[in-house]
>>> print(open('target-v1.txt').read())   # compact mmCIF, C-alpha atoms
# COMPACT_ATOMS: atom_id res chain seq x y z
CA MET M 85 -10.21 17.62 11.21
CA ILE M 86 -11.16 13.94 11.29
CA LEU M 87 -8.65 11.36 10.12
CA PHE M 88 -9.00 7.64 9.51
CA PHE M 89 -7.42 4.86 7.45
CA VAL M 90 -9.00 2.33 5.13
CA TYR M 91 -7.37 -0.91 3.94
CA GLY M 92 -7.41 -1.63 0.22
CA ILE M 93 -5.89 -3.71 -2.58
CA LEU M 94 -4.82 -2.20 -5.90
CA GLU M 95 -5.47 -3.90 -9.25
CA ASP M 96 -1.85 -5.11 -9.33
CA GLY M 97 -2.32 -6.81 -5.96
CA ARG M 98 -0.47 -4.31 -3.78
CA GLU M 99 -1.97 -3.82 -0.32
CA VAL M 100 -2.50 -0.18 0.62
CA ALA M 101 -3.59 2.03 3.49
CA VAL M 102 -5.67 5.03 2.46
CA LYS M 103 -5.56 8.05 4.76
CA HIS M 104 -8.83 9.94 4.63
CA LEU M 105 -9.10 13.55 5.86
CA ASP M 106 -12.76 14.40 5.58
CA LYS M 107 -12.90 18.04 6.66
CA TYR M 108 -11.47 21.01 4.86
CA GLY M 109 -9.50 23.83 6.45
CA SER M 110 -6.15 25.55 6.35
CA SER M 111 -4.62 23.16 8.89
CA ARG M 112 -5.71 20.09 6.94
CA ASP M 113 -4.55 21.58 3.66
CA GLN M 114 -1.12 22.42 5.08
CA GLN M 115 -0.62 18.95 6.56
CA PHE M 116 -1.83 17.33 3.33
CA GLU M 117 0.67 19.37 1.30
CA ASN M 118 3.50 18.68 3.77
CA GLU M 119 2.88 14.94 3.60
CA ILE M 120 2.85 14.80 -0.18
CA THR M 121 5.76 17.20 -0.69
CA VAL M 122 8.05 15.29 1.66
CA LEU M 123 7.17 11.74 0.59
CA ALA M 124 7.36 12.65 -3.11
CA ASN M 125 10.94 13.83 -2.62
CA VAL M 126 12.45 11.15 -0.39
CA LEU M 127 13.03 7.42 -0.75
CA HIS M 128 14.45 5.23 2.01
CA GLN M 129 13.90 1.64 3.08
CA HIS M 130 12.68 2.77 6.51
CA LEU M 131 10.24 5.43 5.32
CA VAL M 132 6.69 4.52 4.35
CA LEU M 133 6.10 4.50 0.58
CA LEU M 134 3.68 6.94 -1.03
CA TYR M 135 1.64 5.42 -3.88
CA GLY M 136 -0.62 8.34 -4.74
CA CYS M 137 -3.07 11.00 -3.61
CA THR M 138 -5.98 13.16 -4.66
CA THR M 139 -5.58 16.92 -5.15
CA LEU M 140 -6.77 19.64 -2.80
CA LYS M 141 -9.50 20.42 -5.33
CA SER M 142 -10.95 16.93 -4.92
CA ARG M 143 -14.08 16.32 -2.89
CA GLU M 144 -12.09 14.25 -0.41
CA ALA M 145 -8.43 14.44 0.62
CA LEU M 146 -6.95 10.96 0.25
CA VAL M 147 -3.37 9.75 0.53
CA VAL M 148 -2.48 6.19 -0.51
CA TYR M 149 0.47 4.43 1.17
CA GLU M 150 1.92 0.97 1.24
CA PHE M 151 0.14 -1.17 3.84
CA VAL M 152 2.40 -1.88 6.83
CA ARG M 153 1.07 -5.00 8.47
CA ASN M 154 2.21 -5.08 12.09
CA GLY M 155 0.92 -1.80 13.44
CA THR M 156 3.00 0.70 15.37
CA VAL M 157 5.81 0.40 17.90
CA ALA M 158 3.46 2.09 20.41
CA ASP M 159 0.93 -0.72 19.87
CA HIS M 160 3.54 -3.32 20.80
CA LEU M 161 5.09 -1.44 23.73
CA HIS M 162 2.00 -0.26 25.59
CA GLY M 163 -0.99 -0.60 23.29
CA ASN M 164 -3.40 -3.25 22.07
CA LYS M 165 -0.61 -5.55 20.82
CA ALA M 166 1.49 -5.38 23.99
CA THR M 167 2.25 -8.77 25.54
CA PRO M 168 5.19 -9.97 27.66
CA ARG M 169 8.26 -10.56 25.48
CA LYS M 170 6.41 -9.45 22.34
CA LEU M 171 9.35 -7.22 21.41
CA PRO M 172 12.57 -8.77 22.78
CA TRP M 173 15.55 -6.49 23.26
CA PRO M 174 17.41 -7.36 20.00
CA MET M 175 14.29 -6.37 18.07
CA ARG M 176 13.93 -3.13 20.03
CA MET M 177 17.58 -2.33 19.39
CA ARG M 178 17.03 -2.92 15.67
CA ILE M 179 14.00 -0.62 15.77
CA ALA M 180 16.15 2.09 17.34
CA VAL M 181 18.88 1.67 14.71
CA GLU M 182 16.45 1.65 11.78
CA THR M 183 14.52 4.67 13.05
CA ALA M 184 17.78 6.57 13.57
CA SER M 185 18.79 5.62 10.02
CA ALA M 186 15.54 7.07 8.65
CA LEU M 187 15.94 10.32 10.61
CA LYS M 188 19.58 10.65 9.60
CA TYR M 189 18.49 10.34 5.97
CA LEU M 190 15.68 12.89 6.38
CA HIS M 191 18.06 15.41 7.93
CA ALA M 192 20.51 14.90 5.07
CA CYS M 193 17.57 15.73 2.77
CA LYS M 194 16.93 18.93 4.78
CA VAL M 195 13.70 17.57 6.29
CA ILE M 196 12.67 17.83 9.94
CA HIS M 197 9.92 15.34 10.83
CA ARG M 198 8.71 17.39 13.85
CA ASP M 199 6.37 14.69 15.21
CA MET M 200 8.53 11.63 15.81
CA LYS M 201 6.90 9.23 18.26
CA THR M 202 6.38 5.50 18.65
CA SER M 203 2.88 5.73 17.14
CA ASN M 204 4.46 7.06 13.93
CA ILE M 205 6.90 4.16 13.65
CA LEU M 206 5.22 1.33 11.75
CA LEU M 207 6.43 -2.28 11.67
CA ASP M 208 6.22 -4.44 8.55
CA SER M 209 5.64 -8.20 8.42
CA ASP M 210 9.26 -8.84 9.46
CA TYR M 211 9.16 -6.13 12.16
CA HIS M 212 11.33 -3.71 10.22
CA VAL M 213 10.71 0.02 10.63
CA LYS M 214 8.67 2.28 8.37
CA VAL M 215 8.54 5.88 9.65
CA ALA M 216 5.24 7.57 8.77
CA ASP M 217 3.09 10.70 9.19
CA PHE M 218 4.78 13.73 7.67
CA GLY M 219 1.92 16.16 8.18
CA LEU M 220 4.02 18.41 10.42
CA ALA M 221 7.31 17.90 8.55
CA ARG M 222 9.27 20.88 7.27
CA PHE M 223 11.90 21.33 4.60
CA ILE M 224 14.76 23.52 5.82
CA PRO M 225 16.37 25.96 3.35
CA THR M 226 19.85 24.81 2.36
CA ASP M 227 21.57 27.73 4.05
CA HIS M 228 19.58 27.44 7.31
CA SER M 229 19.54 25.06 10.26
CA ARG M 230 16.25 26.24 11.78
CA VAL M 231 12.92 27.79 10.88
CA SER M 232 10.47 29.81 12.97
CA THR M 233 7.09 28.19 13.45
CA THR M 234 4.39 27.77 16.08
CA PRO M 235 5.33 24.77 18.27
CA GLN M 236 3.42 21.65 17.29
CA GLY M 237 3.86 18.02 18.18
CA THR M 238 2.64 15.49 20.72
CA LEU M 239 2.51 15.78 24.49
CA GLY M 240 5.44 13.91 26.01
CA TYR M 241 7.69 14.46 22.97
CA LEU M 242 7.77 18.26 22.77
CA ASP M 243 11.27 19.72 22.65
CA PRO M 244 11.43 22.24 25.55
CA GLU M 245 13.75 24.54 23.60
CA TYR M 246 11.41 24.57 20.58
CA ASN M 247 8.52 25.33 22.91
CA ILE M 248 10.33 28.43 24.21
CA THR M 249 12.03 29.79 21.07
CA HIS M 250 9.41 28.76 18.46
CA GLU M 251 12.33 27.72 16.26
CA VAL M 252 12.34 24.14 15.02
CA THR M 253 15.73 22.57 14.28
CA TYR M 254 17.14 19.14 13.47
CA LYS M 255 17.77 18.79 17.19
CA THR M 256 13.99 18.87 17.73
CA ASP M 257 13.83 15.42 16.12
CA VAL M 258 16.81 14.33 18.24
CA TYR M 259 14.88 15.20 21.41
CA CYS M 260 11.86 13.20 20.22
CA PHE M 261 14.13 10.28 19.42
CA GLY M 262 15.54 10.41 22.96
CA VAL M 263 12.00 9.91 24.28
CA ILE M 264 11.53 6.98 21.88
CA LEU M 265 14.70 5.34 23.25
CA ILE M 266 13.35 5.62 26.80
CA GLU M 267 10.05 4.06 25.67
CA LEU M 268 11.92 1.15 24.09
CA ILE M 269 13.76 0.53 27.36
CA THR M 270 10.86 0.96 29.79
CA SER M 271 7.77 0.05 27.68
CA PHE M 272 6.04 3.08 29.23
CA PRO M 273 4.16 5.66 27.12
CA ALA M 274 5.76 9.08 26.70
CA TYR M 275 2.93 10.73 28.62
CA ASP M 276 0.39 9.07 30.85
CA VAL M 277 -2.20 10.90 32.95
CA GLU M 278 -2.88 7.65 34.80
CA ARG M 279 0.59 7.48 36.33
CA LYS M 280 0.26 7.78 40.06
CA ASN M 281 2.51 10.76 40.73
CA THR M 282 1.90 13.95 38.75
CA GLY M 283 5.66 14.35 38.33
CA ASP M 284 5.85 10.95 36.64
CA ARG M 285 3.36 11.68 33.89
CA ASN M 286 6.07 12.90 31.52
CA LEU M 287 8.40 9.98 30.80
CA SER M 288 11.35 12.09 29.64
CA GLU M 289 11.38 14.12 32.86
CA THR M 290 11.14 10.96 34.93
CA ALA M 291 13.99 9.34 32.98
CA MET M 292 16.30 12.33 33.38
CA LYS M 293 15.69 12.37 37.13
CA ARG M 294 16.25 8.61 37.44
CA ILE M 295 19.47 8.74 35.42
CA THR M 296 20.81 11.60 37.52
CA ASP M 297 19.81 9.82 40.75
CA LYS M 298 21.29 6.52 39.51
CA THR M 299 17.94 4.75 39.91
CA PHE M 300 17.01 4.27 36.25
CA HIS M 301 17.30 0.49 36.59
CA SER M 302 14.03 0.51 38.54
CA ILE M 303 11.98 1.48 35.47
CA VAL M 304 13.63 -0.80 32.89
CA ASP M 305 11.22 -3.37 31.43
CA ARG M 306 12.12 -6.56 33.32
CA THR M 307 11.10 -8.81 30.44
CA LEU M 308 14.13 -7.60 28.42
CA GLY M 309 16.57 -9.71 30.42
CA PHE M 310 18.96 -6.88 31.27
CA ASP M 311 19.63 -8.38 34.70
CA SER M 312 20.57 -11.81 33.32
CA ASP M 313 22.35 -11.15 29.99
CA SER M 314 25.48 -9.01 30.03
CA ARG M 315 25.16 -8.14 26.34
CA VAL M 316 21.63 -6.82 26.84
CA TRP M 317 22.85 -5.01 29.94
CA ASN M 318 25.69 -3.33 28.03
CA MET M 319 23.42 -2.25 25.18
CA ILE M 320 20.69 -0.88 27.46
CA ASN M 321 23.28 0.96 29.53
CA GLY M 322 24.70 2.50 26.35
CA VAL M 323 21.25 3.46 25.05
CA VAL M 324 20.39 5.10 28.37
CA GLU M 325 23.54 7.20 28.15
CA LEU M 326 22.69 8.17 24.59
CA SER M 327 19.11 9.08 25.48
CA TYR M 328 20.43 11.32 28.26
CA GLN M 329 22.32 13.38 25.67
CA CYS M 330 19.37 13.46 23.27
CA LEU M 331 17.12 14.82 26.05
CA GLN M 332 19.31 17.76 27.01
CA SER M 333 17.24 20.95 27.31
CA SER M 334 19.62 22.81 24.99
CA GLY M 335 19.74 21.64 21.38
CA ASP M 336 23.43 22.57 21.17
CA MET M 337 24.16 19.90 23.78
CA ARG M 338 22.42 17.15 21.82
CA PRO M 339 24.20 14.96 19.26
CA THR M 340 23.20 14.96 15.60
CA MET M 341 21.14 12.07 14.22
CA LYS M 342 24.20 10.94 12.28
CA GLU M 343 26.13 10.65 15.55
CA VAL M 344 23.20 8.92 17.25
CA PHE M 345 22.92 6.40 14.42
CA GLN M 346 26.65 5.65 14.49
CA ARG M 347 26.63 5.15 18.24
CA LEU M 348 23.66 2.77 18.09
CA GLN M 349 25.27 0.78 15.30
CA LEU M 350 28.44 0.46 17.33
CA LEU M 351 26.57 -0.65 20.44
CA GLU M 352 24.69 -3.28 18.46
CA LYS M 353 27.78 -4.55 16.65
CA ASP M 354 30.03 -4.67 19.72
CA ASN M 355 27.53 -6.60 21.76
CA GLU M 356 26.67 -9.06 18.99
CA ILE M 357 30.28 -10.20 18.68
CA GLN M 358 31.49 -9.64 22.22
CA PRO M 359 31.80 -12.95 24.15
CA GLU M 360 30.68 -13.38 27.72
CA VAL M 361 33.56 -12.31 29.94
CA ALA M 362 33.79 -13.00 33.64
CA GLY M 363 34.00 -9.82 35.64
CA SER M 364 32.20 -7.67 33.03
CA SER M 365 29.50 -5.18 34.02
CA SER M 366 27.46 -6.68 36.82
CA PRO M 367 23.72 -6.90 36.13
CA ASN M 368 23.13 -5.98 39.77
CA GLU M 369 24.80 -2.59 39.44
CA GLU M 370 22.62 0.46 38.83
CA ILE M 371 22.55 1.90 35.33
CA ARG M 372 24.69 4.99 35.50
CA LEU M 373 26.27 7.61 33.35
CA ILE M 374 29.88 6.82 32.59
CA ASN M 375 31.97 9.95 32.95
CA ASN M 376 32.99 11.48 29.64
CA ASP M 377 32.09 8.36 27.64
CA LEU M 378 29.86 10.43 25.36
CA ALA M 379 32.38 13.17 24.68
CA SER M 380 32.78 11.91 21.13
CA LEU M 381 29.08 12.51 20.51
CA SER M 382 29.18 16.19 21.44
CA PRO M 383 28.22 18.36 18.49
CA SER M 384 31.21 19.96 16.81
>>> encode(input="target-v1.txt", output="structure tokens")
Amino acid sequence: MILFFVYGILEDGREVAVKHLDKYGSSRDQQFENEITVLANVLHQHLVLLYGCTTLKSREALVVYEFVRNGTVADHLHGNKATPRKLPWPMRMRIAVETASALKYLHACKVIHRDMKTSNILLDSDYHVKVADFGLARFIPTDHSRVSTTPQGTLGYLDPEYNITHEVTYKTDVYCFGVILIELITSFPAYDVERKNTGDRNLSETAMKRITDKTFHSIVDRTLGFDSDSRVWNMINGVVELSYQCLQSSGDMRPTMKEVFQRLQLLEKDNEIQPEVAGSSSPNEEIRLINNDLASLSPS
């Protein structure tokens, strides 16, 4: 299956992106149907808008979306738009909150995205989030919390439990979101074959080891100012703790997206209004897990 996008302008002046799948097959048909079914049944400010599509009987499979101008979060973190200070910490924190909001909404609508990653988080002209690409998404029956399916997703984001059980759950998206949080903090890609040590190719594994060893501070993106601004330090420390829970190997140990969203909102709010206080967390201390601080996020 070959996939590409074309820019266009509708007669009413709306800018659009047209996804073009130019080879037929059961995989393409399934992803095409998933995309349309999900986007036709959801509406949220941080989900990309669907404008229209062809049918499977058409000569070409086309899906028409709103055009989202500023590319993907992956582009800005470690891609062709990445430059020092391009995404300052407050903007990255907002991206985390808005993405969590979108996922919380999807889960409330009984939808699992199944392929959450920074390259599927688009940024509009004001750098607000638009989650995209629902080709692997699944609706979950009302009386179920999981469905059996062959593991699919992207290297670096794959939920280890899903990979073993072949059962996708809402917590699969939570795991992916944990990887996204680590990317926002480090600016590293989720998986990189070019990383020097084989054990460091998978960012989530590296992060979990660094958090446990109390050395995570060494991989934080230094341009974020965490070692000079106590508010940034507090937020990053809190996000690291949250990502640690999201990346637990067992889904039962991970928080829900609703809990993740609430925690991120609280971190953002507290550190926006909290004044500088002498004797607060020292920027020179190592990022560490704070004992029992995340007890309130444990799934009930």
>>> closest_residue(input="target-v1.txt", among="M:Ala186, M:Ala101, M:Val304, M:Ile179", to="His160 of chain M", atoms="only C-alpha atoms")
M:Ile179
>>> residues_around(input="target-v1.txt", residues="Val323 of chain M", least_positions_apart="3", cutoff="8 Å", atoms="only C-alpha atoms", output="CSV table (one decimal) with C-alpha atoms, in the frame of the given file")
chain,number,residue,atom,x,y,z
M,265,LEU,CA,14.7,5.3,23.2
M,319,MET,CA,23.4,-2.2,25.2
M,320,ILE,CA,20.7,-0.9,27.5
M,326,LEU,CA,22.7,8.2,24.6
M,327,SER,CA,19.1,9.1,25.5
M,348,LEU,CA,23.7,2.8,18.1
>>> closest_residue(input="target-v1.txt", among="M:Val252, M:Val316, M:Ala192, M:Leu140", to="Leu220 of chain M", atoms="only C-alpha atoms")
M:Val252
>>> residues_near_point(input="target-v1.txt", point="(13.9, 17.7, 25.9)", cutoff="10 Å", atoms="only C-alpha atoms", output="VMD selection string")
chain M and resid 240 to 247 255 to 256 258 to 263 288 to 289 292 328 to 335 338
>>> atom_distance(input="target-v1.txt", atom1="atom CA of Gln114 of chain M", atom2="atom CA of Gly219 of chain M")
7.6 Å
>>> closest_residue(input="target-v1.txt", among="M:Asn118, M:Leu131, M:Ser203, M:Met337", to="Tyr149 of chain M", atoms="only C-alpha atoms")
M:Leu131
>>> axis_aligned_box(input="target-v1.txt", around="segment 156-166 of chain M", padding_each_side="6 Å", output="lines of an AutoDock Vina configuration file")
center_x = 1.2
center_y = -1.7
center_z = 20.5
size_x = 21.2
size_y = 19.6
size_z = 22.2
